[in-house]
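**Student:** Got a structure for you, written out below as structure tokens; questions coming shortly.
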Amino acid sequence: MKRSTIVLIKVIVWAACLGPLAWLVAHAVSNTLGPDPTETITFTTGLVTLRLLTISLAISPLRRLFPKLAWLIRFRRLLGLFAFFYATLHLATWIALYAGFDLHAMEADVVKRRYITVGMLAWLLLLPLAATSTNWAIRKLGGARWNRLHKLVYVAAVCGVIHYWWQVKPGVLTPMTITMILGGLLLARPVLALAQRRKPTPAAKAARV
Amino acid sequence: MLIGKPTLIPSSEITPKDQYLNRRRFLRGAASGLAAAGAVALGIRSLADVFSPGTSVFAGTKLQTVPSPLTTTGEQLTSYQDVTTFNNYYEFGVQKNEPAQNAGALPTAPWSIRVDGLVKEPKTFDIEALLKLRPLEERVYRHRCVEAWSMVIPWVGYSLSEFIKQCEPLSNARYVQFLSYYDSRVERWASQTTIQWPYSEGLRMDEAMNPLALLTFGLYGEVLPNQNGAPVRIVVPWKYGFKSAKSIVRVRFVDRQPPTTWNEQAPNEYGFYSNVNPNVDHPRWSQKVERRIGLPFYAQRRTTLMFNGYGDQVASLYDGMNLKRDF
């Protein structure tokens with residue numbers, strides 16, 4: 001793929017990722033975040049986190065299914081870092097607007113409320129991934145170890161979805177869509193791996209002939 | 001400019017009034033869903049008047065009110081816009097903005113409340129009769145949702161006790177149950193949840209007879225918009241909002257605590273009493289603070305008051321009770 005095309009797509013991805021933040025800031029300035037601005041900020045940052053995580057997890061299966069889309073890998077780090085960025089905004093909203101910077105309130109929340117416990121865990125799992133996202137860190141860790149560490153993203157994504165389910169009222173099914181998509185993507189990995197093992201390699205084919 | 005001479009219409013061609021009303025009623029039935037949804041979308045509050053002849057009750061109609069000593073003072077009212085577009089009414093969608101878009105489908109006329117159970121004799125009250133039963137009072141109340149947000153709303157109605165007296169409950173009636181309108185064909189959104197419909201709520205008799213409990217017909221001096229529980233609902237200001245059942249079609253007097261929707265759905269999260277209580281956390285969040293609707297994000301947070309600030313009037317109802325256990 002041409003370098004200029006990659007640059008163009010990068011610009012589009014950056015704009016798309018910054019879009020929700022720009023929207024929040026613009027509406028916060030004009031005080032048009034809706035009747036419950038705190039909730040709008042929390043919901044938006046949380047949902048964008050889950051969506052970005054899901055999109056970043058879609059890249060590997062897509063590349064396996066369509067080898068022509070191999071270049072997608074160039075955007076995975078960007079998407080993952082933006083997911084962490086929105087997760088951090090989401091966490092900051094809780095600290096500032098819900099707990100009001102009250103350490104006791106925060107401690108009580110983390111200890112008593114499982115959706116906050118699991119949400120906090122998801123953010124903590126993303127933290128080392130964001131910290132080791134540089135080329136330098138990949139070299140330093142070595143590809144295999146880096147890969148193993150970054151498998152944590154699956155755990156983080158599952159924690160994120162559980163956080164969503166535990167936060168909504170019992171009987172409310174709004175987290176279903178993202179759960180199904182994420183479940184599909186996680187399931188796609190073993191399924192694709194199995195399918196590829198079954199498929200004889202060109203060398204094996206040649207040997208049989 | 002030439003204006004044509006008015007033609008005289010022969011009396012034989014004039015539609016008799018009852019037929020004309022019937023035709024309007026038919027049109028209204030056919031158009032009400034679309035029209036009301038459109039009206040809400042366009043922010044037109046008087047469109048309903050176009051379709052409402054005579055005594056029928058429709059959202060946006062002005063109500064005559066008298067002042068009330070039971071009104072809450074010293075609070076800034078939440079805007080009409082926010083009160084009518086930020087609603088929990090799961091039969092019309094689980095998102096806060098959905099009821100305002102979908103509740104136009106609720107057929108609010110004709111409307112009546114059936115009263116049965118432990119009463120002298122079962123009765124049915126038409127909405128027109130209920131509106132005339134007592135003078136309508138304007139009562140400003142704080143409204144605290146269990147989800148930790150709050151509003152200040154000028155309701156229109158009279159004490160629920162006035163209505164209960166007309167129901168003539170028997171002396172062994174200890175609880176009163178309120179059942180909301182439910183039709184799965186009208187309220188198609190209800191199936192997005194696992195809740196058993198119709199929506200049911202209940203109060204102990206002494207709670208229901210407390211003068212603060214309001215039989216409510218309007219807000220901001222007008223007939224209730226459908227998403228706010230038209231044409232008649234209860235408002236129990238010292239309890240979390242979900243105790244204040246909307247669009248009531250049936251009232252039952254019973255001797256045992258009736259099943260109530262959210263309590264059945266998650267008994268560990270929503271108690272039967274559900275009095276506003278900053279000392280009893282919801283399992284998923286603290287009830288010590290609340291977010292006032294309609295303020296900028298940095299100004300929303302405030303302390304939640306015991307019994308939502310109505311302790312002087314209602315605390316004695318719970319003397320000797322352990323409110324941590326009976327939350």
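Naming works like this for the structure tokens: A, B, ... for the chains as they're shown, residue 1 at the start of each chain, ligands 1 onward in shown order.
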Dump as a tab-separated table (two decimals) with N, CA, C and O atoms, in the first residue's frame the residues of chain A that approach chain B to within 7 Å, counting only C-alpha atoms.

**Tutor:**
chain	number	residue	atom	x	y	z
A	31	ASN	N	-23.03	23.72	27.31
A	31	ASN	CA	-23.96	23.13	28.28
A	31	ASN	C	-25.15	22.45	27.60
A	31	ASN	O	-26.30	22.65	27.95
A	35	PRO	N	-29.91	16.33	29.76
A	35	PRO	CA	-30.40	16.61	31.11
A	35	PRO	C	-29.43	16.17	32.21
A	35	PRO	O	-29.36	16.79	33.25
A	36	ASP	N	-28.67	15.10	31.96
A	36	ASP	CA	-27.76	14.59	32.98
A	36	ASP	C	-26.34	14.53	32.40
A	36	ASP	O	-25.87	13.46	31.99
A	37	PRO	N	-25.65	15.68	32.35
A	37	PRO	CA	-24.34	15.74	31.68
A	37	PRO	C	-23.33	14.74	32.25
A	37	PRO	O	-22.58	14.12	31.48
A	38	THR	N	-23.32	14.55	33.56
A	38	THR	CA	-22.38	13.61	34.17
A	38	THR	C	-22.55	12.22	33.58
A	38	THR	O	-21.59	11.54	33.21
A	113	ARG	N	-18.71	-2.44	45.36
A	113	ARG	CA	-19.49	-2.55	44.14
A	113	ARG	C	-18.73	-3.30	43.07
A	113	ARG	O	-17.73	-2.84	42.54
A	167	GLN	N	-23.50	-3.02	35.60
A	167	GLN	CA	-23.88	-1.63	35.86
A	167	GLN	C	-25.34	-1.38	35.51
A	167	GLN	O	-26.02	-0.63	36.20
A	170	PRO	N	-30.91	-5.03	36.44
A	170	PRO	CA	-31.20	-6.42	36.06
A	170	PRO	C	-32.38	-6.43	35.08
A	170	PRO	O	-33.35	-5.71	35.29
A	171	GLY	N	-32.28	-7.22	34.06
A	171	GLY	CA	-33.38	-7.30	33.10
A	171	GLY	C	-33.19	-6.38	31.90
A	171	GLY	O	-33.88	-6.51	30.91
A	172	VAL	N	-32.26	-5.44	31.98
A	172	VAL	CA	-31.99	-4.55	30.85
A	172	VAL	C	-30.96	-5.20	29.94
A	172	VAL	O	-29.96	-5.74	30.41
A	173	LEU	N	-31.24	-5.19	28.65
A	173	LEU	CA	-30.42	-5.98	27.72
A	173	LEU	C	-29.56	-5.13	26.78
A	173	LEU	O	-29.03	-5.63	25.80

**Student:** List as a VMD selection string the protein and nucleic acid residues near Gly184 in chain A, meaning an atom at most 12 Å away when only C-alpha atoms are counted, but skip any in the same chain fewer than 6 places from it.

**Tutor:** chain A and resid 54 57 to 58 61 177 to 178 190 to 192

**Student:** Can you tell me, as a PyMOL selection string, which residues in range 195-318 of chain B count as strand (DSSP E or B) by DSSP?

**Tutor:** chain B and resi 200-204+214-219+222-223+233-235+239+248-254+275+282+285+289-292+301-303

**Student:** Go through A:Trp71, A:Tyr86, A:Phe66, A:Tyr164 and flag the residue nearest Leu24 in chain A, using only C-alpha atoms for the distances.

**Tutor:**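 Once distances to Leu24 in chain A are computed over only C-alpha atoms, the minimum belongs to A:Tyr86.
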
**Student:** Find the residue from B:Cys167, B:Asn228, B:Glu222, B:Phe125 that sits nearest to Gln101 in chain B; use only C-alpha atoms when measuring.

**Tutor:** B:Asn228
